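Undergrad: Here's a structure for you.
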Amino acid sequence: MERTRPSGPRKNLLLGSATDLIASPLEFLKDTASYGDVASFRLGPFRAYLVRAAEDVNEVLVKQGDVFTRDPIMRYASGKFLGNGIINSEGNFHRDQRRMMQPAFHHKRLEGYVELMVNQTDRMIKQWESLDDIPVNSEIAALTLKIVCEALFKSDITDDVANVIEAVHYFEEVLAVELRHPVPIPDWLPIPRKQRLRKGVALLHEVISEMIGDRRASAVDKGDVLSTLLLATSEDGSPMPEEQMIDEMTTTVIAGHETSATVITWILYLMGLYPEINTRVVNELDSVLAGRAPQMSDLPQLKYLDCVIKETLRLFPPGWLIGRTPKEDLTIGGYTIKKGQLIYMSPYITQRDSRYFEEPDAFKPDRWLDGFESTLPKGAYFPFSNGFHVCIGQQFALMEIKLIVARLLQHFQFERTQSEPIEPVALVTLCPDKTLHVRAMERVFA
Ligand code: HEM
């Protein structure tokens, strides 16, 4: 039965709830979700809905996925950096771009990335051996950035890491405000944030254009994403415009490093909070690997580490808000949602719902043992989203996180050098609100 508009927070006449969603997103989402499985609020001129129940999330992302596009506010804001890359494109164009990128993420190709992921991690481990204090967040972000560029573009980005990280920082600063701001804020405004945005775009595009230029000059098909983009032609035989190539590569670099890096940082933080869980992971690593570097065939045997990763992605999903807008009127959770209105789904909210997860706020990796995942209703756990825009890098990320955490815990016993709790803060990804500082003591494999 269809019902009238669901209830929800009523706020500022002009901007609606935009200021709350920008100022304290997680509190706003928790408050809004308390109104019911579908709650309604206003973002400036837009009517928006937060959809909480697993069944409704699955309806929006999968069952009726073809009736939705990504939401216009997010597309507009992230488009400043990501242009028309696959995360922002739709329809046939999106399908074709995705199909072109897909081979880089096939199982066979992933196997080829294991060695470079382990080697890059081992290089970082060597440097950590001589550090008294390790700022984990930035170290791991630099590592995953190098890995994504080496794996997908066969490019060594070591000399440009600082520039790219600086650019991503500017991007995040702008998006933290504009990703949820209903009224477009012109980019030409002479305010410092906009100046930094322009600087960030220029820095990132320079690094990426250089990768493209180097590959063109070498004229070698390396069989990676970069060569695929260079060799791609449209139906009339014309090559992909350089601008589109830059958009696809920027999207992959941005979507593909910060996300994995925050998960790894959260895991290392949680291992410090729960030493008994850390010991179980380490015992598993020692018994499966006996001190040697992991290979692809070892990964399925690291079952408890798998549970730790799943549980971390449940509590701290980097993609904490997913937005869509319907192309026609439809019904979700018994309510009519009109064409052009906004629907938000939050893995952070649904994955902490006690209907699906007992003691939902507790870190309990053991819940994932014995096939728990297959008992969950569809839409209850979706850290990589689902449907047309489901994360293309899901398997890449899971493998990378497992390899890096395994290698680090094989080598080191970590000790935190400060004691204040770390809380999640919802920027572009769900990040730790502080830098995790640790001391790394070498472990002796018994
Ligand atoms: C733990 C790590 C990761 C998480 C949690 C994550 C999460 C997500 C989510 C939630 C989306 C979908 C957004 C939506 O539905 O609107 C997405 C899309 C995407 N992700 Fe990931 N991601 C991760 C790692 C990666 C990696 C390693 C890569 C590449 C190497 C990558 C590349 C992409 C791309 C290209 C898209 C856009 C797909 C499309 O629109 O068709 N991600 N990711």
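To be explicit about the labels: the chains of the structure tokens are called A, B, and onward in the order shown, and within each one the residues are counted from 1, while ligands get numbers from 1 in the order they are shown.
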Do a neighbour search on region 379-390 of chain A at 8 Å with only C-alpha atoms, toss out local chain neighbours closer than 3 positions, and write the hits as an MDAnalysis selection string.
TA: chainID A and resid 53:58 61:62 65:66 87 313:314 317:320 322 347 350:351 356 376 394
Undergrad: Could you pull the residues within 9 Å of Gln395 (chain A), counting only C-alpha atoms, minus those fewer than 3 positions along the same chain, as a list of chain:residue names?
TA: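 Neighbouring residues, sequence-local ones excluded: A:Phe105, A:His106, A:His107, A:Leu110, A:Cys391, A:Ile392, A:Leu398, A:Met399, A:Glu400.
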Undergrad: Extract, using only C-alpha atoms, all DNA, RNA and protein residues at most 10 Å from Arg198 (chain A), discarding same-chain residues fewer than 2 positions from it, and format them as number ranges by chain.
TA: A: 80-81, 167, 170-171, 187-188, 192-196, 200-203
Undergrad: Those same residues, written as a short mmCIF file (atom, residue, chain, number, x, y, z; two decimals), in the first residue's frame with C-alpha atoms?
TA:
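Saved result, selection-v3.cif, follows:
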data_model
loop_
_atom_site.label_atom_id
_atom_site.label_comp_id
_atom_site.auth_asym_id
_atom_site.auth_seq_id
_atom_site.Cartn_x
_atom_site.Cartn_y
_atom_site.Cartn_z
CA LYS A 80 35.08 18.74 -11.09
CA PHE A 81 37.85 16.20 -10.59
CA ALA A 167 45.83 17.16 -5.14
CA TYR A 170 42.28 19.61 -2.18
CA PHE A 171 39.68 17.46 -3.91
CA ASP A 187 34.31 27.26 -9.42
CA TRP A 188 35.53 30.68 -10.56
CA PRO A 192 40.97 29.96 -1.25
CA ARG A 193 39.10 26.63 -1.42
CA LYS A 194 38.36 27.13 -5.11
CA GLN A 195 41.95 28.20 -5.80
CA ARG A 196 43.18 25.02 -4.14
CA GLY A 200 44.69 20.19 -7.34
CA VAL A 201 43.09 19.50 -10.72
CA ALA A 202 46.15 20.94 -12.48
CA LEU A 203 48.59 18.88 -10.37
#
Undergrad: Ranking A:Val177, A:Val164, A:Val114, A:Met345 by minimum distance to Ala48 (chain A) and counting only C-alpha atoms, which one comes first?
TA: A:Met345
Undergrad: Tell me, as a ChimeraX atom specification, which residues lie within 12 Å of Val425 (chain A), counting only C-alpha atoms; anything in the same chain fewer than 5 positions away does not count.
TA: /A:22-27,176,262,316-320,348,430-434
Undergrad: Please produce a file of those selected residues containing C-alpha atoms, as a PDB file, in the first residue's frame.
TA:
ATOM      1  CA  ILE A  22      27.655  18.852   5.672  1.00  0.00           C
ATOM      2  CA  ALA A  23      28.523  19.784   9.267  1.00  0.00           C
ATOM      3  CA  SER A  24      28.037  16.399  10.971  1.00  0.00           C
ATOM      4  CA  PRO A  25      27.052  13.814   8.361  1.00  0.00           C
ATOM      5  CA  LEU A  26      27.090  10.692  10.538  1.00  0.00           C
ATOM      6  CA  GLU A  27      24.977  12.244  13.302  1.00  0.00           C
ATOM      7  CA  ALA A 176      33.474  17.583   1.888  1.00  0.00           C
ATOM      8  CA  THR A 262      41.576   3.867   5.045  1.00  0.00           C
ATOM      9  CA  PHE A 316      33.835   1.632   8.653  1.00  0.00           C
ATOM     10  CA  PRO A 317      32.703   1.423   5.010  1.00  0.00           C
ATOM     11  CA  PRO A 318      34.794   3.975   3.036  1.00  0.00           C
ATOM     12  CA  GLY A 319      31.851   4.637   0.692  1.00  0.00           C
ATOM     13  CA  TRP A 320      29.486   5.661   3.504  1.00  0.00           C
ATOM     14  CA  TYR A 348      27.302   2.963   7.540  1.00  0.00           C
ATOM     15  CA  LEU A 430      34.920   7.390   6.072  1.00  0.00           C
ATOM     16  CA  CYS A 431      38.343   8.293   7.495  1.00  0.00           C
ATOM     17  CA  PRO A 432      39.939   8.119  10.914  1.00  0.00           C
ATOM     18  CA  ASP A 433      39.676  11.593  12.475  1.00  0.00           C
ATOM     19  CA  LYS A 434      43.317  11.479  13.567  1.00  0.00           C
TER      20      LYS A 434
END
Undergrad: Ranking A:Gly36, A:Pro45, A:Gly91, A:Pro135 by minimum distance to ligand 1 and counting only C-alpha atoms and all ligand atoms, which one comes first?
TA: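 Among A:Gly36, A:Pro45, A:Gly91, A:Pro135, it is A:Gly91 that comes nearest to ligand 1.
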Undergrad: Among region 196-429 of chain A, which residues does DSSP mark as alpha helix (DSSP H) when it is run on the backbone? Keep the chain and numbering as in the structure and answer as a PyMOL selection string.
TA: chain A and resi 196-218+225-231+242-273+275-289+303-315+347-350+372-375+394-411
